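Undergrad: Input file: query01.tsv. Contents: TSV, C-alpha atoms and all ligand atoms.
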chain	number	residue	atom	x	y	z
F	24	MET	CA	79.32	103.89	101.95
F	25	SER	CA	81.01	104.30	105.37
F	26	MET	CA	81.98	107.66	106.89
F	27	THR	CA	85.32	109.30	106.07
F	28	HIS	CA	87.91	107.91	108.45
F	29	THR	CA	91.48	109.13	108.42
F	30	ILE	CA	94.06	108.96	111.20
F	31	ILE	CA	97.59	110.29	110.85
F	32	GLN	CA	100.07	109.69	113.61
F	33	HIS	CA	103.78	109.89	114.32
F	34	HIS	CA	105.31	106.70	115.61
F	35	CYS	CA	105.37	107.21	119.37
F	36	SER	CA	109.14	106.87	119.65
F	37	LEU	CA	109.83	109.03	116.60
F	38	ASP	CA	108.50	112.51	117.31
F	39	ALA	CA	109.90	115.50	115.42
F	40	GLU	CA	112.64	116.21	118.00
F	41	THR	CA	113.84	112.57	118.03
F	42	LEU	CA	113.96	112.60	114.25
F	43	ARG	CA	115.99	115.83	114.29
F	44	ARG	CA	118.46	114.36	116.77
F	45	GLN	CA	118.78	111.20	114.70
F	46	PHE	CA	119.36	113.33	111.60
F	47	ALA	CA	122.12	115.26	113.43
F	48	HIS	CA	123.70	112.04	114.69
F	49	ASP	CA	123.69	110.42	111.23
F	50	VAL	CA	125.08	113.51	109.47
F	51	LEU	CA	127.92	113.73	112.02
F	52	LYS	CA	128.72	110.05	111.53
F	53	GLY	CA	128.43	110.16	107.74
F	54	LEU	CA	130.61	113.25	107.27
F	55	SER	CA	133.24	112.04	109.75
F	56	GLN	CA	134.04	108.92	107.67
F	57	SER	CA	136.99	108.84	105.29
F	58	ARG	CA	134.46	108.11	102.49
F	59	LYS	CA	131.76	110.65	103.29
F	60	SER	CA	128.11	109.74	102.89
F	61	ILE	CA	124.64	110.88	103.97
F	62	SER	CA	121.67	108.49	103.99
F	63	CYS	CA	119.26	109.19	101.14
F	64	LYS	CA	116.31	108.96	103.51
F	65	TYR	CA	117.19	112.49	104.64
F	66	ILE	CA	116.53	113.90	101.19
F	67	TYR	CA	112.80	113.49	101.85
F	68	ASP	CA	111.53	116.50	103.74
F	69	GLU	CA	108.63	118.48	102.25
F	70	ARG	CA	110.85	119.96	99.52
F	71	GLY	CA	112.46	116.57	98.77
F	72	SER	CA	109.08	114.86	98.45
F	73	GLU	CA	107.88	117.66	96.15
F	74	LEU	CA	110.97	117.26	93.95
F	75	PHE	CA	110.56	113.48	93.84
F	76	CYS	CA	106.99	113.95	92.55
F	77	LYS	CA	108.46	116.07	89.73
F	78	ILE	CA	111.05	113.38	89.00
F	79	MET	CA	108.28	110.81	88.56
F	80	GLY	CA	106.82	112.94	85.77
F	81	LEU	CA	110.13	113.33	83.88
F	82	PRO	CA	110.43	111.63	80.48
F	83	GLU	CA	113.80	110.15	81.46
F	84	TYR	CA	112.47	108.56	84.68
F	85	TYR	CA	110.92	105.46	83.10
F	86	LEU	CA	110.32	103.69	86.43
F	87	THR	CA	106.96	105.29	87.22
F	88	ASP	CA	105.30	104.61	83.87
F	89	CYS	CA	106.67	101.06	83.83
F	90	GLU	CA	105.34	100.29	87.28
F	91	LYS	CA	101.94	101.82	86.42
F	92	ASN	CA	101.91	99.51	83.44
F	93	CYS	CA	102.71	96.46	85.63
F	94	LEU	CA	100.06	97.31	88.19
F	95	GLU	CA	97.36	98.03	85.61
F	96	ALA	CA	98.03	94.63	84.10
F	97	CYS	CA	97.98	92.70	87.37
F	98	LYS	CA	95.49	94.53	89.60
F	99	GLY	CA	92.73	91.96	89.02
F	100	SER	CA	95.00	89.04	89.59
F	101	ILE	CA	96.41	90.58	92.79
F	102	ARG	CA	92.88	91.27	94.03
F	103	GLU	CA	91.82	87.68	93.42
F	104	THR	CA	94.94	86.28	95.08
F	105	ILE	CA	94.48	88.42	98.19
F	106	GLY	CA	90.91	87.21	98.46
F	107	ARG	CA	87.85	88.72	100.05
F	108	GLY	CA	88.54	88.75	103.80
F	109	ARG	CA	89.31	91.93	105.74
F	110	SER	CA	92.85	93.15	105.09
F	111	ASN	CA	95.35	95.87	105.91
F	112	LEU	CA	97.08	97.32	102.87
F	113	ILE	CA	100.29	98.72	104.30
F	114	GLU	CA	102.62	100.72	102.09
F	115	LEU	CA	106.20	101.36	103.19
F	116	GLY	CA	107.67	104.57	101.72
F	117	ALA	CA	104.36	105.42	100.08
F	118	GLY	CA	105.35	108.81	98.60
F	119	ASP	CA	102.45	110.30	96.67
F	120	GLY	CA	100.88	106.85	96.17
F	121	ILE	CA	100.12	107.59	92.55
F	122	LYS	CA	100.59	103.96	91.50
F	123	THR	CA	98.98	102.51	94.61
F	124	LYS	CA	95.74	104.23	93.60
F	125	ILE	CA	95.49	101.71	90.76
F	126	LEU	CA	95.20	98.90	93.31
F	127	ILE	CA	93.07	100.87	95.77
F	128	ARG	CA	90.55	101.83	93.07
F	129	ASN	CA	90.29	98.23	91.91
F	130	LEU	CA	89.77	96.86	95.44
F	131	LEU	CA	87.09	99.50	96.16
F	132	GLU	CA	85.31	98.81	92.88
F	133	HIS	CA	85.03	95.18	93.98
F	134	ASP	CA	83.84	96.06	97.50
F	135	HIS	CA	86.87	94.68	99.32
F	136	ASP	CA	87.02	95.41	103.03
F	137	PHE	CA	90.41	96.95	103.73
F	138	GLN	CA	92.25	99.72	105.51
F	139	TYR	CA	95.09	101.57	103.77
F	140	CYS	CA	98.15	102.42	105.91
F	141	PRO	CA	100.76	104.62	104.19
F	142	VAL	CA	104.04	104.67	106.14
F	143	ASP	CA	106.61	107.30	105.21
F	144	ILE	CA	109.41	109.23	106.85
F	145	SER	CA	108.16	112.37	105.11
F	146	GLU	CA	105.27	113.91	107.01
F	147	SER	CA	104.14	115.96	104.03
F	148	ALA	CA	103.99	112.79	101.90
F	149	VAL	CA	101.70	111.02	104.39
F	150	VAL	CA	99.49	114.08	104.95
F	151	ASN	CA	99.15	114.97	101.25
F	152	LEU	CA	98.47	111.40	100.19
F	153	SER	CA	95.88	110.86	102.93
F	154	GLN	CA	94.10	114.12	102.05
F	155	CYS	CA	94.14	113.31	98.37
F	156	LEU	CA	92.73	109.80	98.94
F	157	ASN	CA	90.12	111.24	101.25
F	158	ARG	CA	88.89	113.54	98.50
F	159	GLU	CA	88.93	110.83	95.85
F	160	TYR	CA	87.57	107.96	97.95
F	161	PRO	CA	85.64	109.40	100.92
F	162	GLY	CA	84.74	105.95	102.26
F	163	LEU	CA	88.30	104.64	102.37
F	164	LYS	CA	89.69	103.89	105.83
F	165	ILE	CA	93.19	105.42	106.07
F	166	ARG	CA	95.72	105.17	108.85
F	167	GLY	CA	98.90	107.09	108.00
F	168	LEU	CA	102.11	106.67	109.94
F	169	VAL	CA	105.05	109.11	109.85
F	170	THR	CA	108.09	107.05	110.66
F	171	ASP	CA	111.01	105.19	109.15
F	172	TYR	CA	110.79	101.69	107.69
F	173	PHE	CA	112.08	99.86	110.73
F	174	GLN	CA	109.82	101.60	113.24
F	175	GLY	CA	107.06	101.00	110.69
F	176	LEU	CA	107.84	97.27	110.79
F	177	THR	CA	107.65	97.26	114.60
F	178	TRP	CA	104.22	98.86	114.33
F	179	LEU	CA	103.29	96.36	111.63
F	180	SER	CA	104.19	93.39	113.82
F	181	GLN	CA	101.69	94.67	116.40
F	182	GLN	CA	98.77	94.74	113.93
F	183	ASN	CA	97.31	91.29	114.05
F	184	ASN	CA	93.68	92.01	113.40
F	185	ALA	CA	93.55	91.24	109.68
F	186	LYS	CA	95.49	89.80	106.78
F	187	LYS	CA	98.45	92.00	105.83
F	188	VAL	CA	99.28	92.98	102.30
F	189	VAL	CA	102.48	95.01	102.33
F	190	LEU	CA	103.46	97.23	99.40
F	191	PHE	CA	107.04	98.26	98.76
F	192	LEU	CA	106.88	99.91	95.36
F	193	GLY	CA	109.06	102.15	93.21
F	194	SER	CA	112.13	99.93	93.60
F	195	ASN	CA	112.65	101.52	97.03
F	196	ILE	CA	114.44	98.24	97.84
F	197	GLY	CA	117.20	99.37	95.44
F	198	ASN	CA	118.19	102.19	97.80
F	199	PHE	CA	119.54	99.60	100.26
F	200	SER	CA	122.90	97.90	99.83
F	201	PRO	CA	122.45	94.14	99.13
F	202	ARG	CA	123.12	93.27	102.77
F	203	GLU	CA	120.76	95.98	104.06
F	204	ALA	CA	118.11	94.79	101.59
F	205	MET	CA	118.27	91.24	102.92
F	206	ASP	CA	118.20	92.44	106.55
F	207	PHE	CA	115.20	94.58	105.73
F	208	LEU	CA	113.31	91.78	103.95
F	209	LYS	CA	113.98	89.31	106.78
F	210	HIS	CA	112.83	91.89	109.29
F	211	LEU	CA	109.73	92.51	107.19
F	212	ARG	CA	109.04	88.78	107.01
F	213	GLY	CA	109.32	88.61	110.80
F	214	SER	CA	106.74	91.39	111.13
F	215	ILE	CA	103.98	89.62	109.21
F	216	ASN	CA	102.32	86.22	109.44
F	217	ARG	CA	102.55	83.14	107.30
F	218	GLY	CA	100.11	83.64	104.42
F	219	ASP	CA	100.43	87.45	104.38
F	220	TYR	CA	101.56	89.08	101.13
F	221	LEU	CA	104.27	91.44	99.91
F	222	ILE	CA	104.02	93.29	96.60
F	223	ILE	CA	107.49	94.56	95.82
F	224	GLY	CA	108.76	96.56	92.84
F	225	PHE	CA	112.21	95.96	91.34
F	226	ASP	CA	113.84	98.04	88.64
F	227	LEU	CA	115.50	95.50	86.34
F	228	LYS	CA	118.95	95.68	84.78
F	229	LYS	CA	118.74	97.05	81.25
F	230	ASP	CA	120.92	99.02	78.84
F	231	ILE	CA	123.20	101.31	80.80
F	232	GLU	CA	122.30	104.45	78.84
F	233	THR	CA	118.60	104.19	79.77
F	234	MET	CA	119.42	103.68	83.45
F	235	VAL	CA	121.96	106.51	83.61
F	236	ARG	CA	119.63	108.94	81.79
F	237	ALA	CA	116.92	108.35	84.41
F	238	TYR	CA	119.19	109.92	87.05
F	239	ASN	CA	120.61	112.68	84.84
F	240	ASP	CA	117.53	114.46	83.52
F	241	ALA	CA	117.84	117.39	81.14
F	242	GLN	CA	115.99	119.81	83.45
F	243	GLY	CA	118.32	119.12	86.39
F	244	ILE	CA	115.47	118.16	88.76
F	245	THR	CA	117.35	115.09	90.07
F	246	GLU	CA	120.32	117.31	90.86
F	247	GLN	CA	118.03	119.64	92.87
F	248	PHE	CA	116.54	116.60	94.59
F	249	ILE	CA	119.88	115.16	95.71
F	250	THR	CA	121.26	118.59	96.60
F	251	ASN	CA	118.25	119.10	98.90
F	252	ILE	CA	120.17	117.06	101.46
F	253	LEU	CA	122.67	119.94	101.84
F	254	SER	CA	119.88	122.55	101.93
F	255	ARG	CA	118.19	120.51	104.62
F	256	ILE	CA	121.36	120.40	106.72
F	257	ASN	CA	121.58	124.19	106.33
F	258	ARG	CA	117.92	124.68	107.28
F	259	GLU	CA	117.59	122.22	110.13
F	260	LEU	CA	121.08	121.91	111.60
F	261	GLY	CA	122.55	125.36	110.93
F	262	GLY	CA	124.91	124.12	108.20
F	263	GLU	CA	126.87	126.55	106.05
F	264	PHE	CA	127.00	124.66	102.76
F	265	ASN	CA	127.27	126.83	99.65
F	266	LEU	CA	125.38	124.76	97.09
F	267	ASP	CA	127.37	126.34	94.25
F	268	CYS	CA	130.49	124.64	95.63
F	269	PHE	CA	129.13	121.13	95.00
F	270	ARG	CA	128.12	119.44	91.78
F	271	TYR	CA	125.97	116.39	91.24
F	272	VAL	CA	127.35	113.24	89.58
F	273	SER	CA	125.51	110.00	88.92
F	274	ASN	CA	127.11	106.93	87.31
F	275	TRP	CA	126.49	103.28	86.64
F	276	ASP	CA	128.72	101.11	88.85
F	277	ASP	CA	129.08	97.80	87.03
F	278	LEU	CA	130.70	95.99	89.92
F	279	SER	CA	127.82	96.55	92.32
F	280	GLY	CA	125.08	96.77	89.68
F	281	ALA	CA	123.83	100.15	90.85
F	282	ILE	CA	123.47	103.75	89.86
F	283	LYS	CA	125.52	105.68	92.42
F	284	SER	CA	124.79	109.35	93.02
F	285	TYR	CA	127.24	111.73	94.64
F	286	LEU	CA	127.80	115.37	95.49
F	287	VAL	CA	131.32	116.42	94.52
F	288	SER	CA	133.13	119.29	96.18
F	289	THR	CA	134.31	121.71	93.48
F	290	CYS	CA	136.99	123.31	95.70
F	291	ASN	CA	138.89	122.87	98.94
F	292	GLN	CA	136.49	124.01	101.64
F	293	LYS	CA	135.73	123.78	105.34
F	294	ILE	CA	132.04	123.68	106.28
F	295	HIS	CA	130.73	124.42	109.75
F	296	ILE	CA	127.50	122.84	110.99
F	297	ARG	CA	126.31	124.75	114.05
F	298	ASP	CA	124.15	122.10	115.72
F	299	LEU	CA	126.87	119.48	115.38
F	300	ASN	CA	129.40	121.88	116.83
F	301	SER	CA	131.75	120.59	114.12
F	302	SER	CA	133.45	121.61	110.90
F	303	PHE	CA	134.23	119.28	108.00
F	304	ILE	CA	136.97	119.52	105.41
F	305	PHE	CA	136.10	118.78	101.79
F	306	ASN	CA	138.93	118.56	99.30
F	307	GLU	CA	138.43	119.59	95.70
F	308	GLY	CA	136.97	116.55	93.88
F	309	GLU	CA	136.03	114.75	97.10
F	310	VAL	CA	132.68	112.97	96.87
F	311	VAL	CA	129.80	112.56	99.31
F	312	HIS	CA	127.75	109.46	98.55
F	313	ALA	CA	124.06	110.47	98.55
F	314	GLU	CA	122.10	107.61	96.98
F	315	SER	CA	122.48	104.15	95.47
F	316	SER	CA	119.83	102.69	93.18
F	317	TYR	CA	120.55	99.00	92.75
F	318	LYS	CA	119.13	97.23	89.68
F	319	PHE	CA	118.13	93.57	89.64
F	320	THR	CA	117.70	90.45	87.56
F	321	THR	CA	114.58	88.32	88.09
F	322	ASP	CA	116.83	85.53	89.35
F	323	GLN	CA	118.24	87.83	92.03
F	324	CYS	CA	114.68	88.76	93.05
F	325	SER	CA	113.71	85.08	93.42
F	326	VAL	CA	116.76	84.35	95.55
F	327	MET	CA	115.97	87.34	97.77
F	328	ALA	CA	112.40	86.07	98.23
F	329	GLU	CA	113.56	82.60	99.19
F	330	VAL	CA	116.28	83.73	101.59
F	331	ALA	CA	113.88	86.13	103.32
F	332	GLY	CA	111.19	83.46	103.80
F	333	PHE	CA	108.78	84.11	100.95
F	334	ASP	CA	107.49	82.19	97.93
F	335	VAL	CA	107.08	84.09	94.67
F	336	VAL	CA	103.40	83.84	93.67
F	337	ASP	CA	103.80	85.71	90.40
F	338	ASN	CA	105.88	88.30	88.58
F	339	TYR	CA	104.22	91.10	86.63
F	340	PHE	CA	106.35	92.85	84.03
F	341	ASP	CA	105.74	96.01	82.02
F	342	ASP	CA	105.59	95.92	78.22
F	343	ARG	CA	109.33	96.54	77.85
F	344	ASN	CA	110.44	94.22	80.68
F	345	TYR	CA	112.13	97.18	82.36
F	346	PHE	CA	110.45	96.66	85.72
F	347	VAL	CA	108.78	93.91	87.71
F	348	ASP	CA	106.21	93.98	90.49
F	349	SER	CA	106.55	90.70	92.29
F	350	LEU	CA	103.83	89.20	94.47
F	351	TRP	CA	105.31	87.20	97.36
F	352	ILE	CA	103.60	85.15	100.06
F	353	ALA	CA	105.14	84.69	103.51
F	354	VAL	CA	105.90	80.98	104.12
A	1	LIG	C1	111.75	106.73	95.79
A	1	LIG	S1	110.36	107.34	96.70
A	1	LIG	C2	109.13	106.16	96.15
A	1	LIG	C3	107.74	106.52	96.55
A	1	LIG	C4	106.69	105.45	96.16
A	1	LIG	N1	106.97	104.17	96.80
A	1	LIG	C5	106.63	105.27	94.68
A	1	LIG	O1	106.92	104.18	94.21
A	1	LIG	O2	106.27	106.22	93.99
A	1	LIG	C6	110.77	106.77	98.32
A	1	LIG	C7	109.73	107.11	99.40
A	1	LIG	O3	110.12	106.44	100.59
A	1	LIG	C8	110.26	107.35	101.68
A	1	LIG	N2	111.41	106.90	102.45
A	1	LIG	C9	112.71	106.90	102.08
A	1	LIG	N3	113.47	106.34	103.04
A	1	LIG	C10	112.62	105.98	104.03
A	1	LIG	C11	112.81	105.34	105.28
A	1	LIG	N4	114.02	104.96	105.69
A	1	LIG	N5	111.73	105.11	106.04
A	1	LIG	C12	110.48	105.47	105.63
A	1	LIG	N6	110.24	106.10	104.44
A	1	LIG	C13	111.31	106.34	103.66
A	1	LIG	C14	110.46	108.71	101.06
A	1	LIG	O4	110.00	109.76	101.89
A	1	LIG	C15	109.67	108.59	99.75
A	1	LIG	O5	108.34	109.01	99.92
What does this structure look like when you write it as structure tokens?
Ligand SMILES: C[S@@+](CC[C@H](N)C(=O)[O-])C[C@H]1O[C@@H](n2cnc3c(N)ncnc32)[C@H](O)[C@@H]1O
TA:
Amino acid sequence: MSMTHTIIQHHCSLDAETLRRQFAHDVLKGLSQSRKSISCKYIYDERGSELFCKIMGLPEYYLTDCEKNCLEACKGSIRETIGRGRSNLIELGAGDGIKTKILIRNLLEHDHDFQYCPVDISESAVVNLSQCLNREYPGLKIRGLVTDYFQGLTWLSQQNNAKKVVLFLGSNIGNFSPREAMDFLKHLRGSINRGDYLIIGFDLKKDIETMVRAYNDAQGITEQFITNILSRINRELGGEFNLDCFRYVSNWDDLSGAIKSYLVSTCNQKIHIRDLNSSFIFNEGEVVHAESSYKFTTDQCSVMAEVAGFDVVDNYFDDRNYFVDSLWIAV
């Protein structure tokens, strides 16, 4: 077995100060719009990542168990399709990698030669996952990257030393609007070579009650998770949000086919954010869009693959057909 080998790096153009400035810029822009919004990527600091791990264990949040089920069923088939040559397994928005371990374990058991590269905007996610994998699989080569998806894709396009197998699990794709999702997939396709693979998870459309319940858990963990965006603005940008003056609402939007999550101001209030040198007015009942979670049909997934420049190799469903992990090849 080879020596332990783990490297964690920030993307060179995205150091902590640049990220903080980008955060400030995006919050200013988002809260200055007539329909206020804050990008959900900013929920994921250390606290946000910790809360998301708790969400994955909630009985209402079916997505994790479903995707585990898909990956358990298809790990052998994915391994055989990828083949034996040296490869880079690159995961965008890796989180705690709990499901990825199913694939990693299987590849290691069959002596595949690969390096695992978790890419995530949350530093704690990359560090914790790398340390955890190091303990569990001391011979695994790990190269973690703390950066956002698009910088991650730039980095990806520069790695031409081995076959690329990109993972985009957890229906992370559903956090983009349809147009953003297509831009992202085309950009991803442009960052890999013909014959490289993408394994992408989609949460499928199902009965509305099941979908809505997943974002409205009884313990209120999802509410804490979404509200972390306001706490983070307070912590990092000197914001003066009183969390008791906002409530969390999450609904199914039939027209767009997404769960939409908002923070609703419970009174008329003016909030100052020191580092933005600005104050923002929130009327009672006014909403701040915090996250969208689009749901898909398999037909939509196939169209997305084709338009982005991929062929669908296979679709792997869970027992209830709630979720699909789709294996695509770049053409
Ligand atoms: C919904 S969680 C899913 C985690 C993992 N893929 C899974 O299936 O369990 C989304 C992950 O993507 C990361 N993330 C969100 N937006 C990102 C962005 N724009 N760039 C890079 N990582 C991002 C978050 O920090 C988080 O770890």
Undergrad: Residues up to 8 Å from ligand LIG 1 (chain A), counting only C-alpha atoms and all ligand atoms: could you list those as a PyMOL selection string?
TA: chain F and resi 63-68+71-72+75-76+79+87+114-122+142-145+148+169-173+175+191-195+224
Undergrad: Work out how far atom CA of F:Gln174 is from atom CA of F:Leu350, in Å to one decimal.
TA: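 One can read the atom CA of F:Leu350 to atom CA of F:Gln174 distance as 23.3 Å.
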Undergrad: Please determine the residues with any atom at most 12 Å from (91.8, 109.3, 107.7) (coordinates as given in the file, with all atoms listed in the file counting) and report them as number ranges by chain.
TA: F: 26-32, 138-141, 149-158, 160-168
Undergrad: Pick from F:Asn300, F:Ser325, F:Asn184, F:Ser273: nearest to F:Ala47, with all atoms listed in the file counted?
TA: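 Nearest candidate to F:Ala47 out of F:Asn300, F:Ser325, F:Asn184, F:Ser273: F:Asn300.
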Undergrad: Pick the closest to F:Phe340 from F:Lys186, F:Lys318, F:Lys124, F:Lys91: which is it, counting only C-alpha atoms?
TA: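 The answer is F:Lys91, which sits nearest to F:Phe340.
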Undergrad: Rounded to one decimal place, report the atom CA of F:Asn129-atom CA of F:Ser110 distance in Å.
TA: 14.4 Å
Undergrad: From the set F:Ala185, F:Gln45, F:Leu86, F:Leu131, which residue has the shortest atom-to-atom contact distance to F:Arg109, counting all atoms listed in the file?
TA: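 Result for the nearest residue to F:Arg109: F:Ala185.
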Undergrad: Find the residue from F:Ile125, F:Glu203, F:Leu208, F:Lys187 that sits nearest to F:Phe137; use only C-alpha atoms when measuring.
TA: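 Counting only C-alpha atoms, the residue closest to F:Phe137 is F:Lys187.
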Undergrad: Take atom CA of F:Val354 and atom CA of F:Ser316 and report the distance between them in Å, one decimal.
TA: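 Rounded to one decimal, the two atoms are 28.0 Å apart.
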Undergrad: Do you know which residues lie at most 7 Å from (99.9, 97.6, 100.8), with coordinates as in the file and all atoms listed in the file counted, and could you write them as a count of residues only?
TA: 7
Undergrad: Kindly indicate which residue among F:Ser315, F:Asn111, F:Ser55, F:Ser62 lies nearest to F:Tyr238, using all atoms listed in the file for the distances.
TA: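 So, comparing all the options, the nearest one is F:Ser315.
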Undergrad: Return the single residue from F:Ile78, F:Leu42, F:Ala328, F:Ile304 that is closest to F:Ile222, with distances computed using only C-alpha atoms.
TA: F:Ala328
Undergrad: Can you pull out every residue within 8 Å of F:Asp342, counting all atoms listed in the file, but drop anything in the same chain fewer than 6 positions away, and send it as a list of chain:residue names?
TA: F:Cys89, F:Asn92, F:Cys93
